[in-house]
Structures are given as structure tokens and as C-alpha cells.
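Visitor: Here you go, run.cif (mmCIF, C-alpha atoms):
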```cif
data_upload
loop_
_atom_site.label_atom_id
_atom_site.label_comp_id
_atom_site.auth_asym_id
_atom_site.auth_seq_id
_atom_site.Cartn_x
_atom_site.Cartn_y
_atom_site.Cartn_z
CA MET E 1 110.70 79.15 266.85
CA THR E 2 110.64 76.75 269.79
CA ALA E 3 109.84 77.75 273.36
CA ARG E 4 113.51 77.47 274.34
CA GLU E 5 114.79 79.74 271.58
CA THR E 6 115.34 83.40 272.34
CA PHE E 7 115.53 86.45 270.13
CA GLY E 8 117.21 89.81 270.43
CA ARG E 9 115.55 93.11 271.21
CA THR E 10 116.58 96.62 270.23
CA ILE E 11 116.30 99.03 273.17
CA GLN E 12 116.89 102.68 272.43
CA LEU E 13 118.07 104.90 275.27
CA PHE E 14 118.01 108.56 274.30
CA LEU E 15 119.70 111.23 276.45
CA VAL E 16 117.27 114.09 276.01
CA ASP E 17 119.69 116.84 277.06
CA GLY E 18 122.84 114.95 276.11
CA LYS E 19 123.78 114.27 279.74
CA PRO E 20 123.88 110.77 281.28
CA THR E 21 122.52 112.18 284.53
CA GLY E 22 119.70 114.11 282.86
CA LEU E 23 116.35 113.10 281.42
CA ARG E 24 116.41 109.80 279.53
CA LYS E 25 113.90 108.31 277.12
CA ALA E 26 113.72 104.52 276.71
CA THR E 27 111.86 102.53 274.06
CA ILE E 28 111.84 99.03 272.54
CA HIS E 29 111.71 98.77 268.77
CA GLY E 30 108.21 97.79 267.65
CA TRP E 31 106.57 98.54 271.02
CA THR E 32 104.37 101.55 271.70
CA GLY E 33 105.47 101.76 275.34
CA LEU E 34 107.37 104.93 276.21
CA LEU E 35 109.47 105.40 279.34
CA PHE E 36 111.07 108.55 280.72
CA VAL E 37 113.60 108.37 283.54
CA SER E 38 114.92 111.23 285.65
CA GLY E 39 116.64 112.05 288.90
CA ALA E 40 115.52 114.87 291.17
CA SER E 41 117.47 117.49 289.22
CA ALA E 42 115.68 116.68 285.94
CA PHE E 43 112.26 116.02 287.49
CA GLY E 44 110.86 119.31 286.15
CA ASP E 45 111.96 118.34 282.64
CA LEU E 46 110.22 114.99 283.07
CA THR E 47 106.86 116.39 284.15
CA ALA E 48 106.98 119.07 281.42
CA ARG E 49 107.02 116.46 278.63
CA SER E 50 103.77 116.28 276.68
CA GLU E 51 104.15 112.48 276.45
CA VAL E 52 104.00 112.26 280.26
CA ASP E 53 100.71 114.18 280.37
CA ARG E 54 98.95 110.99 279.32
CA THR E 55 97.34 107.97 280.95
CA GLY E 56 99.87 105.51 282.32
CA VAL E 57 101.81 104.35 285.35
CA TYR E 58 104.84 105.64 287.22
CA ILE E 59 107.48 104.48 289.67
CA LEU E 60 109.43 106.38 292.31
CA SER E 61 112.52 104.58 293.61
CA GLY E 62 115.38 105.23 295.99
CA PRO E 63 117.26 103.83 298.98
CA ASP E 64 115.09 102.41 301.75
CA PRO E 65 115.83 104.60 304.80
CA ASP E 66 115.00 101.71 307.13
CA LYS E 67 116.93 98.91 305.38
CA PRO E 68 120.53 99.55 304.28
CA GLY E 69 121.28 98.24 300.81
CA VAL E 70 117.59 97.84 299.90
CA THR E 71 115.61 99.85 297.34
CA ARG E 72 112.19 101.28 298.15
CA VAL E 73 109.64 101.89 295.38
CA TYR E 74 106.22 103.45 295.03
CA ILE E 75 104.01 102.49 292.08
CA GLY E 76 101.08 104.59 290.91
CA SER E 77 98.87 105.35 287.92
CA GLY E 78 96.80 108.23 286.61
CA ASN E 79 94.99 109.80 283.68
CA SER E 80 97.74 112.42 283.71
CA VAL E 81 100.93 110.74 284.88
CA SER E 82 102.72 114.10 285.16
CA GLU E 83 100.15 115.38 287.67
CA ARG E 84 100.03 112.19 289.73
CA ILE E 85 103.78 111.69 289.92
CA GLU E 86 104.23 115.28 291.09
CA GLN E 87 101.70 114.71 293.86
CA SER E 88 103.32 111.44 294.93
CA ALA E 89 106.85 112.85 294.82
CA LYS E 90 105.91 115.68 297.20
CA LYS E 91 104.63 113.15 299.75
CA ARG E 92 107.78 111.00 299.70
CA ASP E 93 111.35 111.94 300.45
CA PHE E 94 113.10 108.60 299.82
CA TRP E 95 113.01 108.69 296.03
CA GLU E 96 115.98 109.48 293.84
CA THR E 97 114.69 108.21 290.48
CA ALA E 98 111.36 108.83 288.78
CA ILE E 99 110.09 106.64 285.94
CA THR E 100 106.99 107.26 283.85
CA VAL E 101 105.37 104.70 281.55
CA THR E 102 102.94 105.85 278.87
CA THR E 103 102.52 105.05 275.15
CA SER E 104 103.59 106.85 272.01
CA ASP E 105 100.03 106.67 270.62
CA ASP E 106 98.28 107.58 273.92
CA ASP E 107 96.33 104.32 273.70
CA LEU E 108 96.12 103.39 277.40
CA SER E 109 92.77 103.81 279.12
CA LYS E 110 92.22 104.37 282.83
CA GLY E 111 91.31 100.68 283.14
CA HIS E 112 94.53 99.66 281.40
CA ALA E 113 96.62 101.85 283.69
CA GLU E 114 94.93 100.57 286.84
CA TYR E 115 95.44 96.98 285.69
CA LEU E 116 99.13 97.63 285.01
CA GLU E 117 99.50 99.33 288.39
CA ALA E 118 97.92 96.41 290.23
CA ARG E 119 99.98 93.83 288.34
CA LEU E 120 103.22 95.75 288.86
CA ILE E 121 102.56 95.94 292.59
CA ARG E 122 101.75 92.23 292.77
CA LEU E 123 104.76 91.13 290.70
CA THR E 124 107.07 93.39 292.71
CA ALA E 125 105.76 91.96 295.98
CA GLN E 126 106.20 88.40 294.68
CA ALA E 127 109.77 89.06 293.55
CA GLY E 128 110.68 90.41 296.98
CA ARG E 129 113.67 92.40 295.75
CA VAL E 130 112.56 95.84 296.94
CA THR E 131 110.44 97.39 299.68
CA LEU E 132 107.03 98.51 298.46
CA ASP E 133 105.97 101.91 299.74
CA ASN E 134 102.39 101.23 298.62
CA GLY E 135 100.13 100.70 301.60
CA THR E 136 97.80 98.26 299.83
CA GLN E 137 97.93 95.83 296.93
CA PRO E 138 95.10 96.46 294.44
CA ASP E 139 93.20 93.40 293.27
CA THR E 140 93.68 92.83 289.53
CA ASP E 141 90.46 90.78 289.44
CA ARG E 142 88.53 93.97 290.18
CA ARG E 143 90.07 95.65 287.09
CA ARG E 144 87.42 94.28 284.75
CA LEU E 145 89.04 94.34 281.33
CA PRO E 146 87.98 92.39 278.24
CA GLU E 147 89.98 89.21 277.69
CA ALA E 148 91.81 90.69 274.71
CA ASP E 149 92.78 93.78 276.73
CA VAL E 150 94.15 91.61 279.55
CA ALA E 151 96.30 89.72 277.03
CA ASN E 152 97.58 93.01 275.60
CA MET E 153 98.45 94.36 279.05
CA GLU E 154 100.28 91.15 279.95
CA GLN E 155 102.35 91.56 276.78
CA PHE E 156 102.96 95.17 277.82
CA LEU E 157 104.22 93.89 281.19
CA SER E 158 106.55 91.41 279.50
CA ASN E 159 108.23 94.33 277.74
CA LEU E 160 108.49 96.24 281.02
CA LYS E 161 110.27 93.23 282.52
CA ILE E 162 112.87 93.61 279.78
CA ILE E 163 113.34 97.37 279.81
CA LEU E 164 113.22 98.18 283.54
CA PRO E 165 116.49 96.35 284.38
CA VAL E 166 118.17 98.18 281.49
CA ILE E 167 117.38 101.53 283.12
CA GLY E 168 118.57 100.26 286.50
CA LEU E 169 115.45 98.94 288.28
CA ASP E 170 115.37 95.15 288.72
CA MET E 171 112.22 94.98 290.83
CA LEU E 172 110.26 92.43 288.76
CA LYS E 173 112.90 89.74 288.35
CA PRO E 174 111.96 86.51 290.19
CA GLN E 175 114.36 85.25 292.82
CA PRO E 176 116.77 82.45 291.75
CA ARG E 177 115.53 78.87 292.09
CA ALA E 178 118.27 78.28 294.65
CA VAL E 179 116.48 80.83 296.85
CA THR E 180 112.83 80.03 296.20
CA GLN E 181 112.76 76.22 296.03
CA VAL E 182 113.89 75.79 299.62
CA GLU E 183 111.58 72.81 300.12
CA LYS E 184 114.12 70.82 298.10
CA PRO E 185 117.61 69.93 299.39
CA ALA E 186 120.26 72.37 298.17
CA GLU E 187 122.01 69.72 296.08
CA ASP E 188 118.76 68.85 294.29
CA ARG E 189 117.68 72.39 293.41
CA THR E 190 121.19 73.38 292.28
CA ALA E 191 122.14 70.10 290.57
CA GLU E 192 122.51 71.78 287.17
CA GLU E 193 124.73 74.60 288.44
CA VAL E 194 128.49 74.74 288.97
CA HIS E 195 129.24 74.90 292.69
CA PHE E 196 131.84 77.26 294.10
CA GLU E 197 133.36 77.10 297.54
CA ILE E 198 135.48 79.00 300.02
CA ARG E 199 137.61 76.91 302.35
CA HIS E 200 139.34 79.45 304.57
CA LYS E 201 142.31 78.77 306.85
CA SER E 202 140.09 79.75 309.80
CA GLY E 203 137.95 76.70 309.09
CA VAL E 204 135.06 78.71 307.68
CA GLN E 205 133.39 77.01 304.73
CA ALA E 206 130.87 78.37 302.25
CA THR E 207 129.22 77.06 299.08
CA ALA E 208 127.59 79.08 296.31
CA VAL E 209 126.15 78.82 292.81
CA GLU E 210 125.71 81.38 290.07
CA GLU E 211 122.24 81.61 288.63
CA ASP E 212 120.98 84.11 286.08
CA GLY E 213 123.64 86.68 286.90
CA GLU E 214 123.36 86.38 290.69
CA PHE E 215 125.78 84.69 293.07
CA VAL E 216 123.78 82.69 295.63
CA VAL E 217 125.44 81.54 298.86
CA LEU E 218 123.61 78.41 300.04
CA GLU E 219 122.19 77.66 303.47
CA GLY E 220 124.60 76.04 305.89
CA SER E 221 127.50 78.18 304.68
CA GLU E 222 129.49 80.04 307.31
CA ALA E 223 130.62 83.65 307.65
CA LEU E 224 133.36 85.07 309.84
CA ILE E 225 132.65 87.84 312.34
CA GLY E 226 134.82 90.07 314.49
CA THR E 227 137.91 89.95 312.27
CA GLY E 228 138.67 93.61 312.92
CA TYR E 229 138.88 94.50 309.23
CA VAL E 230 137.11 97.66 308.09
CA GLN E 231 134.11 96.78 305.94
CA GLN E 232 134.06 99.67 303.54
CA SER E 233 131.58 98.23 301.05
CA TYR E 234 129.45 95.50 302.53
CA GLY E 235 129.32 96.08 306.28
CA GLY E 236 125.79 97.48 306.03
CA LEU E 237 124.65 94.50 304.00
CA LYS E 238 125.99 92.06 306.58
CA ASP E 239 124.24 93.97 309.37
CA LYS E 240 121.02 93.76 307.37
CA MET E 241 121.41 90.00 306.92
CA ILE E 242 121.95 89.55 310.66
CA ALA E 243 118.93 91.71 311.48
CA GLU E 244 116.73 89.69 309.10
CA GLY E 245 117.88 86.35 310.49
CA VAL E 246 119.69 85.26 307.35
CA LEU E 247 122.92 85.01 309.35
CA ILE E 248 122.50 83.36 312.75
CA PRO E 249 125.04 82.64 315.53
CA HIS E 250 127.03 79.47 314.97
CA ALA E 251 130.29 79.77 316.92
CA GLU E 252 132.30 82.42 318.72
CA ASP E 253 133.99 83.70 315.56
CA ARG E 254 131.40 82.89 312.90
CA MET E 255 127.77 82.82 311.85
CA ARG E 256 125.79 80.47 309.64
CA PHE E 257 123.50 81.12 306.68
CA ALA E 258 120.05 80.03 307.82
CA ARG E 259 118.76 80.36 304.26
CA PRO E 260 120.25 81.00 300.81
CA TRP E 261 121.04 84.59 299.90
CA PRO E 262 121.58 86.13 296.43
CA PHE E 263 124.46 88.58 296.04
CA SER E 264 125.10 90.95 293.17
CA SER E 265 128.63 89.61 292.66
CA PRO E 266 131.13 87.00 293.89
CA SER E 267 133.05 89.79 295.65
CA ALA E 268 130.00 90.86 297.65
CA ALA E 269 129.48 87.24 298.72
CA ALA E 270 133.15 86.79 299.63
CA ALA E 271 133.20 90.03 301.63
CA VAL E 272 130.31 88.83 303.81
CA VAL E 273 131.78 85.33 304.22
CA LEU E 274 135.31 86.52 305.06
CA ASP E 275 134.28 89.69 306.95
CA ARG E 276 136.56 91.89 304.87
CA ASN E 277 136.67 93.46 301.45
CA SER E 278 137.57 90.63 299.07
CA ASN E 279 138.11 89.87 295.41
CA GLY E 280 135.54 87.14 295.01
CA ARG E 281 136.81 86.26 291.56
CA LEU E 282 139.92 84.90 293.27
CA GLU E 283 138.50 83.74 296.62
CA TRP E 284 135.80 81.43 295.22
CA LYS E 285 137.03 78.14 293.77
CA VAL E 286 135.19 75.56 291.69
CA ARG E 287 134.26 72.84 294.16
CA GLY E 288 136.83 70.07 294.20
CA SER E 289 139.19 72.07 292.00
CA LYS E 290 141.98 74.65 292.32
CA LEU E 291 140.31 76.72 289.60
CA ASN E 292 139.11 80.08 290.89
CA TYR E 293 136.02 81.90 289.63
CA HIS E 294 138.03 84.11 287.27
CA GLU E 295 139.82 81.13 285.72
CA TRP E 296 136.51 79.27 285.41
CA GLN E 297 135.00 82.25 283.55
CA GLN E 298 137.98 82.35 281.21
CA ALA E 299 137.58 78.63 280.54
CA GLN E 300 133.88 79.15 279.81
CA ALA E 301 134.65 81.97 277.39
CA GLY E 302 137.14 79.73 275.63
CA GLY E 303 134.63 76.92 275.31
CA THR E 304 136.42 74.62 277.75
CA GLU E 305 134.15 72.41 279.83
CA VAL E 306 134.98 72.42 283.54
CA THR E 307 133.61 69.65 285.74
CA GLU E 308 133.53 69.54 289.51
#
```
Once you've parsed the file, please lay out its structure as C-alpha cells.
Guide:
Amino acid sequence: MTARETFGRTIQLFLVDGKPTGLRKATIHGWTGLLFVSGASAFGDLTARSEVDRTGVYILSGPDPDKPGVTRVYIGSGNSVSERIEQSAKKRDFWETAITVTTSDDDLSKGHAEYLEARLIRLTAQAGRVTLDNGTQPDTDRRRLPEADVANMEQFLSNLKIILPVIGLDMLKPQPRAVTQVEKPAEDRTAEEVHFEIRHKSGVQATAVEEDGEFVVLEGSEALIGTGYVQQSYGGLKDKMIAEGVLIPHAEDRMRFARPWPFSSPSAAAAVVLDRNSNGRLEWKVRGSKLNYHEWQQAQAGGTEVTE
């Protein structure tokens, strides 16, 4: 198998009490890692599981009270995850979801768990997708593990990178190249991507690319302000972008993207650009074409090549 080839994985998600909002158990076929996921209502069921009374790590996640539209997480570890997560949950009121990570064979040592905790904190900070509630970042170099153990824990982490997004927590995923490689001109770092554009009758112009499931509006794009439309879905996100300096004043009726910004969907991006709730699948057009995003997707599904 070459480096570029990929292979499928079987992830099993078991509803412990038969309810989608209750306690869930997540595993990957052939991996000893064992995850339990619960909301506040099933937290007692989570901590009562014998598999959680083992050495491992845990994550508490929920909306960041200080940043609309952003997730806040706390990462911890312990010899008894059930005890430690209970202690941490009592000290924090932001969390809505609790995740525990142990193993089916109870094979993690304290050193393993502390290494995983430190690496998870570092990778989460590097990804920059959530707010870390942890006050400090442990140094993985101080977690003195044998070379073979380090390799095993890195493989363990690679499986966590796969399974965490499946259960709804995308905190480890690196930012798109269009966002991180800002030292390169936008056209250079997005040369392999299809470019989409909005050319609005107001004169506002915006350009975006889709990369690894995210819709990235590039720097220099414009966004309307003060249209008077009610922003039911993305008003808080736009306020956040203004507060963080992503959107900066550009003209009386518009702002400019000072840096690229990844959106969860074309509609979210269009709503911010047009200052109103929008169907991004129709608003975004392939650059230099009349083909909208929806039509482009249909062409892709049909195997038709679309050039700009």
C-alpha cells in the first residue's frame, strides 16, 4: 500500500440505553481504545461504568461562554477516569458533553495517560479550533516513556483523531492550508482548489475555496454590513469575527476579510458575506462560470470535470 492510498475503518457506535441522547460507547474495530460519551443527563451512567474506573484521559466540552460560536474544552487524565472527571465537572459549568478514553484491556499506565493528556492539549492548541480551558500545557518531553511506548501512544492518538470527529468533537483537525500558509499568496496556496465567488449587485465581492470539508473565504474578500436583515443563524459568528479582527472596516457599507476564515458550510460563508441568511449552495458560483455550488457538486458526482 502506498503512502497516498487510504483504507476504510469500522467504527461502532453503541447506544447503551437505546437513546441517541443517552450514554454512547464508541470503538474502532481492532483497536483497544474505548470511548464513552454522555451529556449532563447521562453523566451518572458514564461514571458508573466499570470501564471508566480505569487509567485514561477525558474531555469536557461545551459552548465557550466568552466567545459565541466557539467550543471550550478541558482535557485531563487520571488513574481512575471516573473519579477525575467527576471532580473536574464540578469545577466547570460550561461543559455539555463528557468523553472518557480508556482501553478494553486496561493496559494504559499513569505515564501513558499523562503522555496522551499532554499530546492532546498540544495538538488541540496547535489546531486552534477550540478554546482550551486548561491553564497550562504539560511538556510531553517530561513524560519519560520508552521509545516503543511513545510509538504506541502516537498510534493511539492517530485513532483518536479518527474517532473524535465521529462523535462530534473536531478539536484535533489541523486548519486548512488556505488558512495556515498565509506567507504564500492566496492564488499560490489554493492553486489546486476550485475557486468560488460571490459578485453581488451591491459591488461586494468575495472568493472562497473548499478544502477538506470546510469552506474557506480568502483574505481580501468583502462582507456587507448594516443591511437591516435579521441574522437568525450567523449574526453571533459575524460579531465574533469583527471582535477578533478577521473582518475590518473597508467602506461605509462593508468590511474586508483581513485573513482567511474557514466556515462549516457555503451557507454560513454566504450569510456573513451578504449580511443575511443565505443559501450558499446557490449564492456561490464557480469563478468565471455561471455554475453555482450546487450545480458544481452535481457535476462532480456525475464525473464531469468543471474548469474555471
Visitor: Identify all residues satisfying the PyMOL selection byres ((chain E and resi 18-33) around 7) in the given file; provide them as a list in words.
Guide: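 Applying the PyMOL selection byres ((chain E and resi 18-33) around 7) to the structure shown produces Thr10, Ile11, Gln12, Leu13, Phe14, Leu15, Val16, Asp17, Leu34, Leu35, Phe36, Val37, Ser38, Ala42, Asp45, Leu46, Val101, Thr102, Thr103, Ser104 and Asp105 of chain E.
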Visitor: Report as a PyMOL selection string the full result of the PyMOL selection byres ((chain E and resi 126) around 12) when it is applied to this structure.
Guide: chain E and resi 119-125+127-132+137+171-175+180
Visitor: Could you state the separation of CA of Gly8 in chain E and CA of Pro165 in chain E in Å, given to one decimal place?
Guide: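 For CA of Gly8 in chain E relative to CA of Pro165 in chain E, the distance reads 15.4 Å.
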Visitor: Which residues are close to range 250-263 of chain E, i.e. within 9 Å by all atoms listed in the file, leaving aside same-chain residues fewer than 5 positions away? Reply as number ranges by chain.
Guide: E: 175-176, 178-180, 182, 204, 208, 210, 214-227, 241-242, 245, 268-269, 273
Visitor: Considering all atoms listed in the file, state which residue in the set E:Leu274, E:Leu145, E:Ala243, E:Ile248 is at the smallest distance from Gln205 in chain E.
Guide: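 Checking each of E:Leu274, E:Leu145, E:Ala243, E:Ile248 against Gln205 in chain E, counting all atoms listed in the file, the winner is E:Leu274.
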Visitor: One decimal, Å: what's the distance from CA of Asp239 in chain E over to CA of Ala270 in chain E, could you say?
Guide: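 Answer for the CA of Asp239 in chain E to CA of Ala270 in chain E separation: 15.0 Å.
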